[in-house]
Protein chains: 6
Amino acid sequence: MTIYVINPNSSQHVTDGITQAVNPMRAISHVHIEARTLAEGPPGIETQAHVDGVVGPLLAHCAALEAEASAFVVACYSDPGLAALREQSARPVLGIAEASILTAMMMGQRFGILSILSRSIPRHMRYIGAMGVMDRLAADLPLELGVLDLQDKARTFERLTSVGTRLRDTAMADVVILGCAGMTAFRTDLEEHLGIPVVEPCQAAVAMAIGRVALQKTLKDRT
Amino acid sequence: MTIYVINPNSSQHVTDGITQAVNPMRAISHVHIEARTLAEGPPGIETQAHVDGVVGPLLAHCAALEAEASAFVVACYSDPGLAALREQSARPVLGIAEASILTAMMMGQRFGILSILSRSIPRHMRYIGAMGVMDRLAADLPLELGVLDLQDKARTFERLTSVGTRLRDTAMADVVILGCAGMTAFRTDLEEHLGIPVVEPCQAAVAMAIGRVALQKTLKDRT
Amino acid sequence: MTIYVINPNSSQHVTDGITQAVNPMRAISHVHIEARTLAEGPPGIETQAHVDGVVGPLLAHCAALEAEASAFVVACYSDPGLAALREQSARPVLGIAEASILTAMMMGQRFGILSILSRSIPRHMRYIGAMGVMDRLAADLPLELGVLDLQDKARTFERLTSVGTRLRDTAMADVVILGCAGMTAFRTDLEEHLGIPVVEPCQAAVAMAIGRVALQKTLKDRT
Amino acid sequence: MTIYVINPNSSQHVTDGITQAVNPMRAISHVHIEARTLAEGPPGIETQAHVDGVVGPLLAHCAALEAEASAFVVACYSDPGLAALREQSARPVLGIAEASILTAMMMGQRFGILSILSRSIPRHMRYIGAMGVMDRLAADLPLELGVLDLQDKARTFERLTSVGTRLRDTAMADVVILGCAGMTAFRTDLEEHLGIPVVEPCQAAVAMAIGRVALQKTLKDRT
Amino acid sequence: MTIYVINPNSSQHVTDGITQAVNPMRAISHVHIEARTLAEGPPGIETQAHVDGVVGPLLAHCAALEAEASAFVVACYSDPGLAALREQSARPVLGIAEASILTAMMMGQRFGILSILSRSIPRHMRYIGAMGVMDRLAADLPLELGVLDLQDKARTFERLTSVGTRLRDTAMADVVILGCAGMTAFRTDLEEHLGIPVVEPCQAAVAMAIGRVALQKTLKDRT
Amino acid sequence: MTIYVINPNSSQHVTDGITQAVNPMRAISHVHIEARTLAEGPPGIETQAHVDGVVGPLLAHCAALEAEASAFVVACYSDPGLAALREQSARPVLGIAEASILTAMMMGQRFGILSILSRSIPRHMRYIGAMGVMDRLAADLPLELGVLDLQDKARTFERLTSVGTRLRDTAMADVVILGCAGMTAFRTDLEEHLGIPVVEPCQAAVAMAIGRVALQKTLKDRT
């Protein structure tokens, strides 16, 4: 049985980053973890049309994996199709935005989000409102870098540290979330730089997925 | 390394119930899970003085276990000492109230809580307010049974089903949480009876603790 | 120029109901109002998969109408594709759920919603949370009737009055919203029965759309 | 029948500005729109005593117009007498603060308000709290200009752009509201300058009033 | 110096009830307490027009008393003119609704309100929203008795106990507020009947006023 | 009978500051006011372990005083043991954090808090969340001075004015609270400097305690 982590954009390097980010977790559990690229997705999910457009292919992709799946993780910070996949699948279904926020809520009292683009932020605000956790948000601030720009590591890290510092010192965040699946490589360095916990959402979601698979085991305790 | 689940009341049968409830989870992970009784605690934690009174012994108990601990779970629905233990320990620290609520937030949109006594409810309300998730609460309703009364299984189950039904049909909860560590035995039957997910908080917290231990593994990924 | 009201389900009788419901509004304005059926939609939108599934066809349908459109109204109580359509179109875009809630907020202090099915309610809760107006919600209660069941008028009205009475007297709603585009025919009778305002969401959204078209006129006041 | 827009301060130039601002809307509808000055009002409404003091004359003024009125718009950003006028009149009654906020909620996810004086802000905060939409507020910042100072156009525009920029870039507003009926002339230029929607509240309220008059037409659809 | 308690309705028997209710407090402090009737007020304040209509006379009445006043208490559960009187006066100004709610927040976690009429409730909801304490409200339920009906003691007490029981057992209030200045006589009996604290708002406000007068003393500690 | 103000840290100079701060209040009332040092407390309460650690000794200390007590005030800005002391004692029990916030809510619409250390802030956020008044908070900002550092008056005042200015001008607070019992000496000067009300929490709590003692008098009005 396998935890499937679905990257709904078609950029293989993002999927590779996820694989590398969750690799060390394999040590803790027998459950397989496999990151997959949704071929039908756009190179990066940057608009609401992108978000809505990947739901159909994502549902089909996961339906085909249902039999061997222990759990599904949707690996895009807009959690596309999360509610629909929960309807469709009998497995635990996690979204990286939701899981990262719930994880950050155990690590600090006010979380900040580092978003790629300012046009992502209204979408995040709607989502945090839907989750009912707006009072825990310090701020959501944009790097103003697209998904593909994130491959320029020096520039990305410079933006992460300057915007992360603003989250910590001006917005009074005591934990920070990387608001995109494509920033896995920066977590450790940024945490060291800022001196407060930094949550990488794919890691957070896979960690919770391992827990949820463990929790599923308890469902059979009467049989 | 071990996930220590500390039952801060001194009732061994509660600890035994926890052990049994989390047993099936051992299949998923190499991490040991051990439930322990805090000898200094009262038989049941039913007042604010009980909650505050166990913090000192709990901190001392956990300090002695720190070296072999992977994570700590505080197994009382008032999450006594959670913030202090997070200050003290370098390990992930989880509380069963917090973890059960965050878990329920992934399983439904409005959670109900089955509390033992009406005098627990104001304490829960303060906690849910502190967590900033009041908008997700359907209602918190009392069984009016003390911790020790829970050993009368027939009466307890009768109360769980009648109050659970009120949570589902009147308060419109779509997921229900057992609001005490001493009700592990009833989860499966109650879920079957109500037809909506029922979260047992010790299981939910241990599941998340396994995930958090996995997440800790990623902290070393640069070395 | 035309206000296009798109019924994203494929049931022509729902579209016909909308046409009839907004007919009297034509007296107030020169703008044409035209209700259209989305042929690609399911007979009724009752699941999250239905909601997400109509977004693509809806966007295409509206793109083809953009040149002659004054405004678009999405006529399903889950407001499918609203954010995406707002990205795509240069015209005012209204959703019947959002518009009906904003309208109810001017008619009463606590609004109740009459939903078709209990499984619609978590979706509504996420939406009301995303709108940030949860404090104004009295309750959202289900009729437990599917979209097609609504054609049985006697049974539907019986359910509307009994659940509406519960909204008014138990949940203390002082305004009630019909939570589906297929209940246009019942508004007047239900309002008379309950003695508090009843908002039909297609009418509310078209009314706001007429206003928004008027507001667009002011954009040119410098040229 | 006429939509009466009542400027509750006695400054005719403010009324003239409103007339000019809503003029282009006449193209969309047969309903007359007439802006009127409340002779009994103070030159500008800048204190709570001003707000409370105009309610009596406003109610009397509107009572005399009831027979020919299609709707009433109270054109002061404190919405004086709104609840009382709704009690008194059988017509739709709109306030420019409420209507502008509800309109902004369809144009962006977080609205900012440009207030004239910092002493207006606590009053606005109470109102936004009463509306239950505090989570949608980015910030409310003062120009520190009185109603009469607004006639100095160069200075006013300079303040609007600098404070508006702070709303957009520091408070992360994605839509901005002009928080006074006396700033109609600046909307278009400010929107162009800031690059995000700017809502002029008299226009927003009259637009909604046209819609509400259309909605009233549906009330008679059974007779 | 005197704490003036202004009953803004013209019913002397309401003022007499207030005098009697606050009488025992005179034992604790040298400050005089004097309840006064606003002759210009209506017999009972039951509509928004009543609320707004008494502000002018109330401000004038208090202006004349300013020199001998230690503090002002506005003794109507809609707190008419509170913000305006705070602008006008250099003394502490308290409203019985605000003070009773803040007091209840120290006595329980969720307060219920016993309102006279259902049409008062939307006004209370706006006020509680403006205070930002909606999450602490259990429910606000009507007796459906006008101010003058309260003189029928048997009937009033019967309604208070039945609606109070609903607040305690269904809405889960753990403290209850009498939502009108004319119910002073029932506090003790109702508290005994319900077994949870019952706050009489005139008493609560005068108690806080004594405190505020004490606090004023500290303002001079440097001179 | 006496209002006992318990300073739960062991620094006598803090207790002396409290005594001096509440001295002028004695003029208003016959009730004695006595500030006491909890010998078992740490020199300053700066961590969650400090907060939880003083609850036991505090409860014992107050139990011994119960017979002569009119009311208890817990004089530490984390309100340690407040809920437990309310369970234990039949007297009114006030915490300086809660009382200062409730007082500030009558003096302004958005309160700012001047905290000693940034690590106090998450604790305050949990508390404000538990109180359900997050919407009234402007911001909570740290001086980054420990309890003992506060004895350096020049440096402390410099920090208070610079951080207080940021609360007023950036966070838009219209009332400011001193977030520690050890800053009594600065209230008047800081208020003069900032030009908005500054609440000293020990004074605020003792003022409310005097009121609550007065309110207790009304409990006997039937006998």
# chains A, B, ... in the order shown; residues from 1 in each chain; ligands from 1

call {"tool": "interface_residues", "arguments": {"of": "chain E", "to": "chain F", "cutoff": "8 Å", "atoms": "only C-alpha atoms", "output": "tab-separated table (two decimals) with N, CA, C and O atoms, in the first residue's frame"}}
result
chain	number	residue	atom	x	y	z
E	21	ALA	N	-32.77	48.71	43.19
E	21	ALA	CA	-31.80	47.66	42.83
E	21	ALA	C	-30.38	48.05	43.21
E	21	ALA	O	-29.57	47.19	43.54
E	22	VAL	N	-30.06	49.33	43.15
E	22	VAL	CA	-28.68	49.74	43.41
E	22	VAL	C	-28.48	50.23	44.84
E	22	VAL	O	-27.35	50.52	45.24
E	23	ASN	N	-29.57	50.29	45.58
E	23	ASN	CA	-29.51	50.78	46.95
E	23	ASN	C	-28.43	50.11	47.82
E	23	ASN	O	-27.65	50.81	48.47
E	24	PRO	N	-28.36	48.79	47.81
E	24	PRO	CA	-27.40	48.15	48.71
E	24	PRO	C	-25.95	48.52	48.40
E	24	PRO	O	-25.08	48.39	49.25
E	25	MET	N	-25.69	49.00	47.19
E	25	MET	CA	-24.32	49.35	46.80
E	25	MET	C	-23.82	50.59	47.52
E	25	MET	O	-22.62	50.82	47.59
E	26	ARG	N	-24.74	51.39	48.00
E	26	ARG	CA	-24.33	52.63	48.66
E	26	ARG	C	-23.47	52.33	49.88
E	26	ARG	O	-22.69	53.18	50.33
E	27	ALA	N	-23.61	51.12	50.41
E	27	ALA	CA	-22.84	50.75	51.60
E	27	ALA	C	-21.34	50.73	51.35
E	27	ALA	O	-20.53	50.87	52.26
E	28	ILE	N	-20.96	50.52	50.12
E	28	ILE	CA	-19.54	50.26	49.82
E	28	ILE	C	-18.73	51.52	49.56
E	28	ILE	O	-17.51	51.51	49.59
E	29	SER	N	-19.41	52.64	49.29
E	29	SER	CA	-18.69	53.79	48.74
E	29	SER	C	-19.32	55.10	49.18
E	29	SER	O	-20.52	55.17	49.44
E	30	HIS	N	-18.50	56.14	49.22
E	30	HIS	CA	-19.01	57.47	49.56
E	30	HIS	C	-19.72	58.14	48.39
E	30	HIS	O	-20.43	59.12	48.58
E	31	VAL	N	-19.48	57.67	47.19
E	31	VAL	CA	-20.05	58.34	46.02
E	31	VAL	C	-21.57	58.22	46.05
E	31	VAL	O	-22.11	57.15	46.29
E	94	LEU	N	-20.96	54.82	31.23
E	94	LEU	CA	-21.21	53.39	31.11
E	94	LEU	C	-22.61	53.14	30.58
E	94	LEU	O	-23.54	53.91	30.87
E	102	LEU	N	-19.84	42.72	29.82
E	102	LEU	CA	-18.47	42.60	30.32
E	102	LEU	C	-18.45	41.92	31.68
E	102	LEU	O	-17.55	41.13	32.00
E	105	MET	N	-19.02	38.24	31.28
E	105	MET	CA	-17.82	37.58	30.75
E	105	MET	C	-16.83	37.18	31.85
E	105	MET	O	-15.93	36.39	31.60
E	106	MET	N	-16.99	37.77	33.03
E	106	MET	CA	-16.16	37.34	34.17
E	106	MET	C	-16.85	36.28	35.01
E	106	MET	O	-16.24	35.72	35.91
E	131	MET	N	-19.33	45.14	19.67
E	131	MET	CA	-18.45	44.90	20.81
E	131	MET	C	-17.40	43.82	20.51
E	131	MET	O	-16.41	43.69	21.24
E	132	GLY	N	-17.63	43.06	19.46
E	132	GLY	CA	-16.66	42.02	19.08
E	132	GLY	C	-16.68	40.80	19.98
E	132	GLY	O	-15.67	40.12	20.12
E	133	VAL	N	-17.82	40.51	20.61
E	133	VAL	CA	-17.87	39.40	21.57
E	133	VAL	C	-18.91	38.34	21.19
E	133	VAL	O	-19.42	37.62	22.06
E	134	MET	N	-19.20	38.24	19.91
E	134	MET	CA	-20.23	37.31	19.45
E	134	MET	C	-19.91	35.86	19.85
E	134	MET	O	-20.83	35.09	20.11
E	135	ASP	N	-18.62	35.52	19.91
E	135	ASP	CA	-18.27	34.13	20.25
E	135	ASP	C	-18.61	33.77	21.70
E	135	ASP	O	-18.61	32.60	22.06
E	136	ARG	N	-18.88	34.76	22.52
E	136	ARG	CA	-19.24	34.50	23.91
E	136	ARG	C	-20.76	34.40	24.11
E	136	ARG	O	-21.21	34.03	25.20
E	188	THR	N	-32.85	38.05	41.80
E	188	THR	CA	-32.54	37.07	42.84
E	188	THR	C	-33.35	35.80	42.69
E	188	THR	O	-32.79	34.70	42.74
E	203	GLN	N	-27.46	47.12	38.00
E	203	GLN	CA	-26.52	46.83	39.08
E	203	GLN	C	-25.11	46.64	38.53
E	203	GLN	O	-24.14	47.17	39.08
E	204	ALA	N	-24.98	45.88	37.46
E	204	ALA	CA	-23.66	45.62	36.89
E	204	ALA	C	-22.99	46.93	36.47
E	204	ALA	O	-21.79	47.14	36.70
E	206	VAL	N	-23.69	50.08	37.52
E	206	VAL	CA	-23.36	50.96	38.65
E	206	VAL	C	-22.14	50.42	39.39
E	206	VAL	O	-21.26	51.18	39.80
E	207	ALA	N	-22.05	49.10	39.53
E	207	ALA	CA	-20.86	48.51	40.16
E	207	ALA	C	-19.60	48.92	39.41
E	207	ALA	O	-18.62	49.38	39.99
E	208	MET	N	-19.63	48.77	38.09
E	208	MET	CA	-18.47	49.18	37.29
E	208	MET	C	-18.22	50.67	37.38
E	208	MET	O	-17.08	51.13	37.34
E	209	ALA	N	-19.30	51.45	37.49
E	209	ALA	CA	-19.14	52.90	37.60
E	209	ALA	C	-18.42	53.27	38.89
E	209	ALA	O	-17.57	54.17	38.90
E	210	ILE	N	-18.75	52.60	39.97
E	210	ILE	CA	-18.03	52.85	41.23
E	210	ILE	C	-16.54	52.56	41.02
E	210	ILE	O	-15.67	53.35	41.40
E	211	GLY	N	-16.25	51.47	40.38
E	211	GLY	CA	-14.86	51.14	40.07
E	211	GLY	C	-14.19	52.21	39.22
E	211	GLY	O	-13.07	52.63	39.48
E	212	ARG	N	-14.92	52.64	38.22
E	212	ARG	CA	-14.34	53.66	37.32
E	212	ARG	C	-14.10	54.98	38.05
E	212	ARG	O	-13.13	55.68	37.77
E	213	VAL	N	-14.97	55.32	38.98
E	213	VAL	CA	-14.73	56.53	39.77
E	213	VAL	C	-13.47	56.33	40.62
E	213	VAL	O	-12.63	57.24	40.73
E	214	ALA	N	-13.31	55.14	41.17
E	214	ALA	CA	-12.08	54.84	41.91
E	214	ALA	C	-10.86	54.96	41.00
E	214	ALA	O	-9.83	55.53	41.37
E	215	LEU	N	-11.00	54.45	39.79
E	215	LEU	CA	-9.89	54.49	38.84
E	215	LEU	C	-9.53	55.93	38.48
E	215	LEU	O	-8.35	56.26	38.29
E	217	LYS	N	-9.53	58.35	40.37
E	217	LYS	CA	-8.67	58.88	41.45
E	217	LYS	C	-7.19	58.71	41.11
E	217	LYS	O	-6.35	59.53	41.49
E	218	THR	N	-6.87	57.65	40.43
E	218	THR	CA	-5.45	57.39	40.13
E	218	THR	C	-4.91	58.33	39.08
E	218	THR	O	-3.70	58.43	38.89
E	219	LEU	N	-5.80	59.03	38.38
E	219	LEU	CA	-5.34	59.95	37.33
E	219	LEU	C	-4.56	61.10	37.91
E	219	LEU	O	-3.79	61.76	37.22
E	221	ASP	N	-2.46	60.97	40.43
E	221	ASP	CA	-1.44	60.53	41.39
E	221	ASP	C	-0.10	61.22	41.22
E	221	ASP	O	0.77	61.09	42.06
E	222	ARG	N	0.07	61.97	40.15
E	222	ARG	CA	1.33	62.69	40.02
E	222	ARG	C	1.25	64.09	40.58
E	222	ARG	O	2.27	64.70	40.91

call {"tool": "residues_around", "arguments": {"residues": "Ala84 of chain B", "least_positions_apart": "6", "cutoff": "10 Å", "atoms": "only C-alpha atoms", "output": "list in words"}}
result
Val55, Gly56, Leu58, Leu59 and Val93 of chain B; Thr47, Gln48, Ala49, His50, Val51, Asp52 and Gly53 of chain F

call {"tool": "residues_around", "arguments": {"residues": "segment 142-152 of chain D", "least_positions_apart": "2", "cutoff": "6 Å", "atoms": "only C-alpha atoms", "output": "PyMOL selection string"}}
result
chain D and resi 44+114-118+154-156+159

call {"tool": "select_by_dssp", "arguments": {"residues": "segment 3-186 of chain D", "states": "strand (DSSP E or B)", "output": "ChimeraX atom specification"}}
result
/D:3-7,29,32-37,69-74,93-95,111-115,137-142,175-179

call {"tool": "select_by_dssp", "arguments": {"residues": "segment 83-208 of chain E", "states": "helix (DSSP H, G or I)", "output": "ChimeraX atom specification"}}
result
/E:83-88,96-107,118-131,134-136,148-151,153-169,181-194,201-208

call {"tool": "residues_around", "arguments": {"residues": "Ala173 of chain D", "least_positions_apart": "5", "cutoff": "6 Å", "atoms": "only C-alpha atoms", "output": "ChimeraX atom specification"}}
result
/D:110-112,138,167-168
